[in-house]
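K.L.:
As input, take work-v1.pdb (PDB, C-alpha atoms):
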```
MODEL        1
ATOM      1  CA  ARG A 228      27.203 -28.837  44.083
ATOM      2  CA  SER A 229      23.732 -28.002  42.767
ATOM      3  CA  THR A 230      22.616 -28.793  39.230
ATOM      4  CA  LEU A 231      19.985 -26.461  37.799
ATOM      5  CA  PHE A 232      17.929 -27.580  34.821
ATOM      6  CA  PRO A 233      16.069 -25.281  32.402
ATOM      7  CA  TYR A 234      12.737 -24.201  33.823
ATOM      8  CA  THR A 235       9.335 -23.726  32.235
ATOM      9  CA  THR A 236       6.678 -21.218  33.356
ATOM     10  CA  LEU A 237       3.485 -21.143  31.312
ATOM     11  CA  PHE A 238      -0.048 -19.776  31.342
ATOM     12  CA  ARG A 239      -2.656 -22.246  32.604
ATOM     13  CA  SER A 240      -3.554 -25.269  30.426
ATOM     14  CA  TRP A 241      -0.409 -24.898  28.308
ATOM     15  CA  LYS A 242       2.242 -27.602  28.723
ATOM     16  CA  SER A 243       5.746 -27.758  27.294
ATOM     17  CA  ASN A 244       6.804 -31.122  25.853
ATOM     18  CA  GLY A 245      10.295 -32.083  24.778
ATOM     19  CA  ILE A 246       9.714 -34.657  22.033
ATOM     20  CA  GLY A 247      12.688 -36.561  20.649
ATOM     21  CA  ASN A 248      15.010 -33.895  22.036
ATOM     22  CA  THR A 249      18.727 -34.453  22.547
ATOM     23  CA  LEU A 250      19.158 -31.303  24.654
ATOM     24  CA  PRO A 251      16.665 -30.038  27.279
ATOM     25  CA  GLY A 252      14.283 -27.377  26.040
ATOM     26  CA  PHE A 253      12.184 -24.935  28.033
ATOM     27  CA  SER A 254       9.446 -22.350  27.612
ATOM     28  CA  THR A 255       8.294 -19.162  29.316
ATOM     29  CA  PHE A 256       5.210 -16.979  29.090
ATOM     30  CA  LEU A 257       5.708 -13.308  29.987
ATOM     31  CA  ASP A 258       4.000 -10.104  28.836
ATOM     32  CA  ASP A 259       1.783 -12.132  26.473
ATOM     33  CA  GLU A 260       4.791 -13.691  24.720
ATOM     34  CA  PHE A 261       5.811 -17.325  24.565
ATOM     35  CA  THR A 262       9.567 -17.810  24.351
ATOM     36  CA  VAL A 263      10.452 -21.381  23.422
ATOM     37  CA  THR A 264      14.018 -22.727  23.524
ATOM     38  CA  SER A 265      14.542 -25.950  21.627
ATOM     39  CA  ALA A 266      17.075 -28.342  20.186
ATOM     40  CA  GLY A 267      16.115 -31.339  18.048
ATOM     41  CA  SER A 268      16.740 -32.753  14.612
ATOM     42  CA  GLY A 269      13.634 -31.217  13.042
ATOM     43  CA  ILE A 270       9.875 -31.458  12.545
ATOM     44  CA  GLY A 271       9.135 -33.771   9.642
ATOM     45  CA  GLY A 272      10.171 -37.106   8.188
ATOM     46  CA  THR A 273       8.923 -40.104  10.167
ATOM     47  CA  ALA A 274       9.665 -38.658  13.632
ATOM     48  CA  ASP A 275       9.601 -35.161  15.140
ATOM     49  CA  SER A 276      12.278 -33.747  17.411
ATOM     50  CA  GLY A 277      11.921 -30.410  19.191
ATOM     51  CA  GLU A 278       9.994 -28.499  21.867
ATOM     52  CA  PHE A 279       6.196 -28.349  21.674
ATOM     53  CA  VAL A 280       4.073 -26.042  23.845
ATOM     54  CA  CYS A 281       0.600 -27.545  23.650
ATOM     55  CA  HIS A 282      -2.952 -26.778  24.702
ATOM     56  CA  PRO A 283      -5.715 -29.415  24.564
ATOM     57  CA  LEU A 284      -8.603 -28.717  22.200
ATOM     58  CA  ILE A 285     -11.668 -30.926  21.980
ATOM     59  CA  GLY A 286     -13.413 -30.925  18.620
ATOM     60  CA  ASP A 287     -13.100 -28.307  15.907
ATOM     61  CA  GLY A 288     -11.099 -25.123  16.393
ATOM     62  CA  SER A 289      -7.928 -23.253  15.542
ATOM     63  CA  ILE A 290      -4.517 -22.244  16.787
ATOM     64  CA  THR A 291      -3.101 -18.868  15.764
ATOM     65  CA  ALA A 292       0.206 -17.172  16.550
ATOM     66  CA  HIS A 293       2.528 -14.433  15.359
ATOM     67  CA  VAL A 294       6.031 -15.886  14.930
ATOM     68  CA  VAL A 295       8.061 -12.817  15.857
ATOM     69  CA  THR A 296      11.632 -14.143  15.769
ATOM     70  CA  ILE A 297      13.577 -17.381  15.340
ATOM     71  CA  ASP A 298      17.149 -17.212  16.613
ATOM     72  CA  GLY A 299      19.276 -20.162  15.540
ATOM     73  CA  ILE A 300      20.668 -21.672  12.369
ATOM     74  CA  SER A 301      18.842 -20.780   9.142
ATOM     75  CA  ALA A 302      16.897 -24.047   9.072
ATOM     76  CA  ALA A 303      15.457 -23.627  12.594
ATOM     77  CA  GLN A 304      11.673 -24.108  12.599
ATOM     78  CA  ALA A 305       8.831 -22.417  14.504
ATOM     79  CA  GLY A 306       5.105 -22.480  13.888
ATOM     80  CA  VAL A 307       1.738 -23.880  14.920
ATOM     81  CA  MET A 308       0.540 -27.465  14.851
ATOM     82  CA  PHE A 309      -2.217 -29.922  15.634
ATOM     83  CA  ARG A 310      -0.919 -33.227  17.046
ATOM     84  CA  ASP A 311      -2.825 -36.390  17.784
ATOM     85  CA  ALA A 312      -0.360 -37.254  20.585
ATOM     86  CA  THR A 313       2.973 -36.155  22.049
ATOM     87  CA  THR A 314       4.898 -39.127  20.634
ATOM     88  CA  THR A 315       7.607 -38.603  18.020
ATOM     89  CA  GLY A 316       5.727 -40.257  15.145
ATOM     90  CA  SER A 317       2.269 -38.867  15.898
ATOM     91  CA  ARG A 318      -0.123 -37.799  13.180
ATOM     92  CA  ASN A 319       0.059 -34.020  12.843
ATOM     93  CA  VAL A 320      -0.433 -30.937  10.720
ATOM     94  CA  PHE A 321       2.321 -28.302  10.906
ATOM     95  CA  LEU A 322       2.531 -24.768   9.530
ATOM     96  CA  GLY A 323       6.061 -23.610  10.245
ATOM     97  CA  ARG A 324       8.496 -20.831   9.418
ATOM     98  CA  SER A 325      12.239 -20.844   8.836
ATOM     99  CA  ASP A 326      14.647 -18.492   7.091
ATOM    100  CA  SER A 327      13.592 -19.975   3.748
ATOM    101  CA  GLY A 328       9.874 -19.178   4.197
ATOM    102  CA  THR A 329       6.745 -20.949   5.425
ATOM    103  CA  THR A 330       5.875 -24.611   4.891
ATOM    104  CA  TYR A 331       2.595 -26.493   5.340
ATOM    105  CA  SER A 332       3.209 -30.191   6.035
ATOM    106  CA  TYR A 333       1.380 -33.133   7.549
ATOM    107  CA  ARG A 334       1.804 -36.756   8.674
ATOM    108  CA  ASP A 335      -1.346 -38.791   8.110
ATOM    109  CA  THR A 336      -0.034 -42.167   9.349
ATOM    110  CA  VAL A 337       1.570 -42.942  12.713
ATOM    111  CA  ASN A 338       5.353 -43.195  12.176
ATOM    112  CA  GLY A 339       4.817 -42.511   8.481
ATOM    113  CA  ALA A 340       6.651 -39.951   6.382
ATOM    114  CA  SER A 341       5.543 -36.329   6.500
ATOM    115  CA  THR A 342       4.239 -34.751   3.304
ATOM    116  CA  VAL A 343       5.047 -31.179   2.283
ATOM    117  CA  GLY A 344       1.752 -29.814   1.034
ATOM    118  CA  ALA A 345       2.682 -26.232   0.129
ATOM    119  CA  THR A 346       5.366 -23.598   0.639
ATOM    120  CA  ASN A 347       5.622 -19.808   0.609
ATOM    121  CA  SER A 348       9.043 -18.237   0.102
ATOM    122  CA  SER A 349       8.283 -14.917   1.802
ATOM    123  CA  THR A 350      10.491 -14.293   4.818
ATOM    124  CA  ASP A 351       8.471 -11.334   6.107
ATOM    125  CA  PRO A 352       7.217 -11.622   9.710
ATOM    126  CA  HIS A 353       4.287 -13.989   9.521
ATOM    127  CA  TRP A 354       1.196 -14.851  11.423
ATOM    128  CA  VAL A 355       0.270 -18.523  11.084
ATOM    129  CA  ARG A 356      -3.029 -20.317  11.724
ATOM    130  CA  VAL A 357      -4.172 -23.931  11.459
ATOM    131  CA  VAL A 358      -7.922 -24.617  11.503
ATOM    132  CA  ARG A 359      -9.462 -28.012  12.183
ATOM    133  CA  LEU A 360     -12.901 -28.994  10.872
ATOM    134  CA  GLY A 361     -13.392 -32.681  11.596
ATOM    135  CA  ASN A 362     -10.416 -34.409  10.000
ATOM    136  CA  THR A 363      -9.854 -31.644   7.448
ATOM    137  CA  PHE A 364      -7.173 -29.076   8.248
ATOM    138  CA  PHE A 365      -6.425 -25.698   6.691
ATOM    139  CA  GLY A 366      -3.216 -23.672   6.997
ATOM    140  CA  TYR A 367      -3.383 -19.880   6.668
ATOM    141  CA  ILE A 368      -0.672 -17.202   6.635
ATOM    142  CA  SER A 369      -0.893 -13.439   7.147
ATOM    143  CA  GLU A 370       1.463 -10.481   7.317
ATOM    144  CA  ASP A 371      -0.735  -8.439   9.667
ATOM    145  CA  GLY A 372      -3.018 -10.891  11.504
ATOM    146  CA  ILE A 373      -6.080  -9.428   9.773
ATOM    147  CA  THR A 374      -5.988 -10.520   6.129
ATOM    148  CA  TRP A 375      -5.389 -14.264   5.719
ATOM    149  CA  ASP A 376      -4.368 -16.395   2.727
ATOM    150  CA  LEU A 377      -4.889 -20.146   2.499
ATOM    151  CA  LEU A 378      -1.547 -21.911   2.018
ATOM    152  CA  GLY A 379      -2.463 -25.588   2.286
ATOM    153  CA  THR A 380      -5.097 -28.135   3.240
ATOM    154  CA  SER A 381      -5.062 -31.843   4.102
ATOM    155  CA  THR A 382      -7.106 -34.680   5.526
ATOM    156  CA  VAL A 383      -5.586 -36.302   8.624
ATOM    157  CA  THR A 384      -7.517 -38.582  10.975
ATOM    158  CA  MET A 385      -7.077 -37.476  14.598
ATOM    159  CA  GLY A 386      -8.893 -38.181  17.835
ATOM    160  CA  THR A 387     -11.507 -35.758  19.136
ATOM    161  CA  ALA A 388      -9.117 -34.478  21.832
ATOM    162  CA  ALA A 389      -6.046 -33.268  19.938
ATOM    163  CA  GLN A 390      -3.184 -31.036  21.027
ATOM    164  CA  ALA A 391      -2.839 -27.549  19.553
ATOM    165  CA  CYS A 392       0.825 -26.617  19.811
ATOM    166  CA  LEU A 393       3.464 -23.980  19.296
ATOM    167  CA  ALA A 394       6.097 -26.177  17.654
ATOM    168  CA  THR A 395       9.826 -25.451  17.444
ATOM    169  CA  SER A 396      13.055 -27.221  16.537
ATOM    170  CA  SER A 397      16.610 -26.006  16.095
ATOM    171  CA  THR A 398      17.110 -28.765  13.444
ATOM    172  CA  ASP A 399      20.537 -29.283  15.036
ATOM    173  CA  THR A 400      20.873 -31.852  17.822
ATOM    174  CA  ASN A 401      23.941 -30.078  19.227
ATOM    175  CA  SER A 402      22.578 -26.526  19.482
ATOM    176  CA  LYS A 403      19.443 -24.681  20.519
ATOM    177  CA  SER A 404      17.179 -22.155  18.880
ATOM    178  CA  VAL A 405      14.936 -19.562  20.522
ATOM    179  CA  ALA A 406      11.544 -18.728  19.021
ATOM    180  CA  VAL A 407       9.271 -15.911  20.207
ATOM    181  CA  PHE A 408       5.500 -16.104  19.657
ATOM    182  CA  GLN A 409       2.978 -13.330  20.273
ATOM    183  CA  SER A 410      -0.828 -13.348  20.315
ATOM    184  CA  ALA A 411      -1.038 -17.140  20.537
ATOM    185  CA  SER A 412      -4.655 -18.288  20.848
ATOM    186  CA  VAL A 413      -6.373 -21.668  20.836
ATOM    187  CA  LEU A 414     -10.097 -21.224  20.237
ATOM    188  CA  PRO A 415     -13.101 -23.431  19.466
ATOM    189  CA  ASN A 416     -14.532 -23.166  15.971
ATOM    190  CA  PRO A 417     -15.531 -20.701  14.533
ATOM    191  CA  TRP A 418     -13.949 -18.140  16.897
ATOM    192  CA  THR A 419     -10.676 -16.420  15.972
ATOM    193  CA  SER A 420      -8.848 -13.504  17.588
ATOM    194  CA  THR A 421      -6.910 -10.545  16.233
ATOM    195  CA  ASP A 422      -5.248  -7.294  17.278
ATOM    196  CA  VAL A 423      -6.702  -4.200  15.625
ATOM    197  CA  GLY A 424      -5.087  -0.779  15.463
ATOM    198  CA  ASN A 425      -1.505  -1.824  16.320
ATOM    199  CA  PRO A 426      -1.763  -2.108  20.104
ATOM    200  CA  LEU A 427       0.629  -4.173  22.186
ATOM    201  CA  PRO A 428       0.111  -7.876  21.373
ATOM    202  CA  GLY A 429      -3.097  -9.304  22.814
ATOM    203  CA  PHE A 430      -3.826 -12.834  23.974
ATOM    204  CA  THR A 431      -6.998 -14.928  24.249
ATOM    205  CA  GLN A 432      -7.520 -17.976  26.432
ATOM    206  CA  TYR A 433     -10.609 -20.222  26.287
ATOM    207  CA  GLU A 434     -11.249 -22.661  29.117
ATOM    208  CA  GLU A 435     -14.343 -24.200  30.693
ATOM    209  CA  GLY A 436     -16.729 -22.002  28.709
ATOM    210  CA  GLN A 437     -14.961 -18.732  29.512
ATOM    211  CA  PHE A 438     -12.952 -16.400  27.303
ATOM    212  CA  VAL A 439     -10.116 -14.539  29.016
ATOM    213  CA  VAL A 440      -8.976 -11.698  26.751
ATOM    214  CA  ARG A 441      -5.869  -9.620  27.417
ATOM    215  CA  ALA A 442      -5.747  -6.410  25.431
ATOM    216  CA  SER A 443      -4.069  -3.042  25.127
ATOM    217  CA  GLY A 444      -4.982  -0.281  22.702
ATOM    218  CA  SER A 445      -6.136   3.320  22.675
ATOM    219  CA  GLY A 446      -9.823   2.454  22.819
ATOM    220  CA  ILE A 447     -12.878   1.415  20.833
ATOM    221  CA  THR A 448     -14.344   4.762  19.889
ATOM    222  CA  GLY A 449     -13.993   7.732  17.562
ATOM    223  CA  THR A 450     -12.838   7.120  13.998
ATOM    224  CA  LEU A 451     -10.252   4.408  14.751
ATOM    225  CA  ASP A 452     -10.515   1.325  16.962
ATOM    226  CA  SER A 453      -7.582  -0.170  18.835
ATOM    227  CA  GLY A 454      -7.710  -3.323  20.938
ATOM    228  CA  HIS A 455      -8.028  -7.110  20.840
ATOM    229  CA  PHE A 456     -11.095  -8.682  19.218
ATOM    230  CA  VAL A 457     -12.378 -12.261  19.403
ATOM    231  CA  CYS A 458     -14.734 -12.788  16.469
ATOM    232  CA  GLN A 459     -16.814 -15.259  14.534
ATOM    233  CA  PRO A 460     -18.685 -14.720  11.248
ATOM    234  CA  LEU A 461     -22.447 -14.209  11.194
ATOM    235  CA  LEU A 462     -24.416 -14.326   7.959
ATOM    236  CA  GLY A 463     -27.668 -12.381   7.935
ATOM    237  CA  ASP A 464     -29.658 -11.503  11.042
ATOM    238  CA  GLY A 465     -28.584 -12.625  14.508
ATOM    239  CA  SER A 466     -27.253 -11.527  17.855
ATOM    240  CA  ILE A 467     -24.292 -11.806  20.208
ATOM    241  CA  SER A 468     -24.649 -11.930  23.992
ATOM    242  CA  SER A 469     -22.172 -12.345  26.807
ATOM    243  CA  ARG A 470     -21.779 -11.873  30.531
ATOM    244  CA  VAL A 471     -18.801  -9.625  31.278
ATOM    245  CA  ILE A 472     -17.602 -11.081  34.571
ATOM    246  CA  SER A 473     -14.750  -8.660  35.228
ATOM    247  CA  VAL A 474     -12.441  -6.066  33.690
ATOM    248  CA  THR A 475      -9.186  -5.976  35.639
ATOM    249  CA  ASN A 476      -5.584  -4.753  35.505
ATOM    250  CA  GLY A 477      -6.474  -1.682  33.476
ATOM    251  CA  ASN A 478      -7.343   1.951  34.091
ATOM    252  CA  SER A 479     -10.855   3.190  34.770
ATOM    253  CA  GLN A 480     -11.505   3.597  31.021
ATOM    254  CA  ALA A 481     -10.742  -0.048  30.143
ATOM    255  CA  SER A 482     -13.697  -1.550  28.293
ATOM    256  CA  ALA A 483     -15.070  -4.966  27.384
ATOM    257  CA  GLY A 484     -18.275  -5.978  25.635
ATOM    258  CA  VAL A 485     -19.858  -7.276  22.449
ATOM    259  CA  ARG A 486     -20.346  -5.738  19.036
ATOM    260  CA  SER A 487     -21.257  -6.375  15.420
ATOM    261  CA  GLU A 488     -18.512  -5.364  12.989
ATOM    262  CA  GLU A 489     -18.322  -5.248   9.204
ATOM    263  CA  HIS A 490     -14.618  -6.127   9.121
ATOM    264  CA  THR A 491     -11.562  -6.142  11.381
ATOM    265  CA  SER A 492      -9.558  -3.253   9.976
ATOM    266  CA  GLU A 493      -8.673  -0.412  12.308
ATOM    267  CA  LEU A 494     -10.838   1.982  10.283
ATOM    268  CA  GLN A 495     -14.212   2.409  11.848
ATOM    269  CA  SER A 496     -16.881   0.476   9.967
ATOM    270  CA  PRO A 497     -20.645   0.282  10.451
ATOM    271  CA  ARG A 498     -21.414  -1.509  13.677
ATOM    272  CA  ALA A 499     -24.451  -2.211  15.784
ATOM    273  CA  SER A 500     -23.612  -2.382  19.451
ATOM    274  CA  ARG A 501     -20.976  -3.066  22.065
TER     275      ARG A 501
ENDMDL
END
```
Could you express the structure from this file as structure tokens?
P.N.:
Amino acid sequence: RSTLFPYTTLFRSWKSNGIGNTLPGFSTFLDDEFTVTSAGSGIGGTADSGEFVCHPLIGDGSITAHVVTIDGISAAQAGVMFRDATTTGSRNVFLGRSDSGTTYSYRDTVNGASTVGATNSSTDPHWVRVVRLGNTFFGYISEDGITWDLLGTSTVTMGTAAQACLATSSTDTNSKSVAVFQSASVLPNPWTSTDVGNPLPGFTQYEEGQFVVRASGSGITGTLDSGHFVCQPLLGDGSISSRVISVTNGNSQASAGVRSEEHTSELQSPRASR
């Protein structure tokens, strides 16, 4: 008799970690979506229990994701997180969704109690983002991935090399939940990524000085733009330069380049170059 355990298949540099789990969890990455199956007693208190899909990030940066669905009991959690380590009582900052809304929480002492910093009762589909600047963290929420509102902030001492994670828990040790994330990106500060013009969900990967950007969309031209954009703010005069190494897996009209943009709405705004 053969015994088959849940399997995990992930994009490079991402690793799935079952932390404090009573039932095996697993994760998959397909068509730019992370699907994370998890059990666990919950994320919070003095110890976390769930499935955490993590990407290392050295220094300042952010993790962003669209939490598309959470299938499980009403208290099941899914969101984004910075963790100092993959132990149950690690210091962390968590911005998570459940059926009751979105909660920003943090644990600033190893094995200490988590603190709920802020909540938002909206149950609309949410994008979530946590930004790290030194030991100060900021949690943002959005309904469209373009316009962001600050929900909470905290000071938590973490090492330079932290883990940026998609964090999930069924909050029930005897059952599992399934969370689906789209457009998950871990980027160095001050870069962030967003879909513009309602294309299929995009995805950005940063590793060893290279950005790998997966995008759909109708094009960057005419009166409306549609694609995936990786941006950082620039005040006053300046420039952006990049070497486009390759454009693959698209038709002959697929495009990639650089540009200066007034804002990231789909309506065409004044821009300098691409």
K.L.:
Can you list what the PyMOL selection byres ((chain A and resi 368) around 7) grabs from this structure, as a PyMOL selection string?
P.N.:
chain A and resi 353-356+366-367+369+375-378
K.L.:
Could you give me, as a tab-separated table, a per-residue list for region 256-286 of chain A showing, wherever an atom lies at most 9 Å from an atom of region 393-403 of chain A, the closest pair of atoms and their distance in Å to one decimal, using all atoms listed in the file and sorting by chain then residue number from low to high?
P.N.:
```
residue	atom	partner	partner_atom	distance
A:Phe261	CA	A:Leu393	CA	8.8
A:Val263	CA	A:Thr395	CA	7.3
A:Thr264	CA	A:Lys403	CA	6.5
A:Ser265	CA	A:Lys403	CA	5.2
A:Ala266	CA	A:Lys403	CA	4.4
A:Gly267	CA	A:Thr400	CA	4.8
A:Ser268	CA	A:Thr398	CA	4.2
A:Gly269	CA	A:Thr398	CA	4.3
A:Ile270	CA	A:Ser396	CA	6.6
A:Asp275	CA	A:Ser396	CA	8.8
A:Ser276	CA	A:Ser396	CA	6.6
A:Gly277	CA	A:Ser396	CA	4.3
A:Glu278	CA	A:Thr395	CA	5.4
A:Phe279	CA	A:Ala394	CA	4.6
A:Val280	CA	A:Leu393	CA	5.0
A:Cys281	CA	A:Leu393	CA	6.3
A:His282	CA	A:Leu393	CA	8.8
```
K.L.:
Determine the residue set returned by the PyMOL selection byres ((chain A and resi 477) around 12) for the present structure, and present it as a PDB file with C-alpha atoms, in the coordinates of the input.
P.N.:
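Contents of part13.pdb, freshly written:
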```pdb
ATOM      1  CA  ARG A 441      -5.869  -9.620  27.417  1.00  0.00           C
ATOM      2  CA  ALA A 442      -5.747  -6.410  25.431  1.00  0.00           C
ATOM      3  CA  SER A 443      -4.069  -3.042  25.127  1.00  0.00           C
ATOM      4  CA  GLY A 444      -4.982  -0.281  22.702  1.00  0.00           C
ATOM      5  CA  SER A 445      -6.136   3.320  22.675  1.00  0.00           C
ATOM      6  CA  GLY A 446      -9.823   2.454  22.819  1.00  0.00           C
ATOM      7  CA  SER A 473     -14.750  -8.660  35.228  1.00  0.00           C
ATOM      8  CA  VAL A 474     -12.441  -6.066  33.690  1.00  0.00           C
ATOM      9  CA  THR A 475      -9.186  -5.976  35.639  1.00  0.00           C
ATOM     10  CA  ASN A 476      -5.584  -4.753  35.505  1.00  0.00           C
ATOM     11  CA  ASN A 478      -7.343   1.951  34.091  1.00  0.00           C
ATOM     12  CA  SER A 479     -10.855   3.190  34.770  1.00  0.00           C
ATOM     13  CA  GLN A 480     -11.505   3.597  31.021  1.00  0.00           C
ATOM     14  CA  ALA A 481     -10.742  -0.048  30.143  1.00  0.00           C
ATOM     15  CA  SER A 482     -13.697  -1.550  28.293  1.00  0.00           C
ATOM     16  CA  ALA A 483     -15.070  -4.966  27.384  1.00  0.00           C
TER      17      ALA A 483
END
```
K.L.:
Please provide the set of residues having any atom within 8 Å of Gly271 (chain A), restricted to all atoms listed in the file, with same-chain residues fewer than 2 positions apart removed, written as a list in words.
P.N.:
Gly269, Thr273, Ala274, Asp275, Ser332, Arg334, Ala340 and Ser341 of chain A
K.L.:
Please determine the residues with any atom at most 12 Å from (1.6, -42.6, 7.3) (coordinates as given in the file, with only C-alpha atoms counting) and report them as a list in words.
P.N.:
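Residues found, by chain and rising number: Gly271, Gly272, Thr273, Ala274, Gly316, Ser317, Arg318, Asn319, Tyr333, Arg334, Asp335, Thr336, Val337, Asn338, Gly339, Ala340, Ser341, Thr342, Thr382, Val383 and Thr384 of chain A.
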K.L.:
Report, in Å with one decimal, the straight-line distance from CA of Gly484 (chain A) to CA of Arg470 (chain A).
P.N.:
8.4 Å
K.L.:
Which residues, written as an MDAnalysis selection string, have at least one atom at most 8 Å from region 287-297 of chain A, with all atoms listed in the file counted and residues fewer than 2 positions away on the same chain left out?
P.N.:
chainID A and resid 284:285 299 303:308 324:325 352:361 372 391:392 404:419
K.L.:
Given all atoms listed in the file as the basis, pick out the residue of A:Pro283, A:Gly429, A:Gly424, A:Gly463 nearest to Asp258 (chain A).
P.N.:
A:Gly429
K.L.:
Determine the residue membership of the PyMOL selection byres ((chain A and resi 348) around 8) for the file above and supply it as a ChimeraX atom specification.
P.N.:
/A:327-329,346-347,349-350
K.L.:
Of the candidates A:Pro460, A:Thr314, A:Ser301, A:Phe309, which shows the shortest atom-to-atom distance to Gly247 (chain A), using all atoms listed in the file?
P.N.:
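Once distances to Gly247 (chain A) are computed over all atoms listed in the file, the minimum belongs to A:Thr314.
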K.L.:
My structure is short of atoms at region 294-300 of chain A; please model all heavy atoms there, returning them as a tab-separated table (two decimals), in the coordinates of the input.
P.N.:
```tsv
chain	number	residue	atom	x	y	z
A	294	VAL	N	4.64	-15.46	14.72
A	294	VAL	CA	6.03	-15.89	14.93
A	294	VAL	C	6.90	-14.65	14.77
A	294	VAL	O	7.15	-14.18	13.65
A	294	VAL	CB	6.44	-16.99	13.94
A	294	VAL	CG1	7.87	-17.44	14.23
A	294	VAL	CG2	5.48	-18.16	14.01
A	295	VAL	N	7.36	-14.11	15.88
A	295	VAL	CA	8.06	-12.82	15.86
A	295	VAL	C	9.51	-12.99	15.43
A	295	VAL	O	10.00	-12.31	14.52
A	295	VAL	CB	7.99	-12.14	17.24
A	295	VAL	CG1	8.68	-10.78	17.22
A	295	VAL	CG2	6.54	-11.99	17.68
A	296	THR	N	10.22	-13.91	16.08
A	296	THR	CA	11.63	-14.14	15.77
A	296	THR	C	11.96	-15.62	15.93
A	296	THR	O	11.33	-16.33	16.70
A	296	THR	CB	12.58	-13.33	16.67
A	296	THR	OG1	12.34	-13.69	18.05
A	296	THR	CG2	12.38	-11.84	16.50
A	297	ILE	N	12.98	-16.05	15.17
A	297	ILE	CA	13.58	-17.38	15.34
A	297	ILE	C	15.09	-17.17	15.35
A	297	ILE	O	15.68	-16.82	14.31
A	297	ILE	CB	13.20	-18.35	14.21
A	297	ILE	CG1	11.69	-18.35	13.94
A	297	ILE	CG2	13.68	-19.76	14.54
A	297	ILE	CD1	11.29	-19.13	12.70
A	298	ASP	N	15.70	-17.36	16.50
A	298	ASP	CA	17.15	-17.21	16.61
A	298	ASP	C	17.78	-18.59	16.63
A	298	ASP	O	17.52	-19.41	17.52
A	298	ASP	CB	17.51	-16.45	17.89
A	298	ASP	CG	17.10	-14.99	17.81
A	298	ASP	OD1	17.04	-14.46	16.70
A	298	ASP	OD2	16.84	-14.40	18.88
A	299	GLY	N	18.62	-18.86	15.66
A	299	GLY	CA	19.28	-20.16	15.54
A	299	GLY	C	19.85	-20.28	14.14
A	299	GLY	O	19.97	-19.29	13.41
A	300	ILE	N	20.18	-21.49	13.73
A	300	ILE	CA	20.67	-21.67	12.37
A	300	ILE	C	19.53	-21.40	11.39
A	300	ILE	O	18.35	-21.37	11.77
A	300	ILE	CB	21.26	-23.08	12.17
A	300	ILE	CG1	20.16	-24.15	12.27
A	300	ILE	CG2	22.36	-23.35	13.17
A	300	ILE	CD1	20.66	-25.54	11.91
```
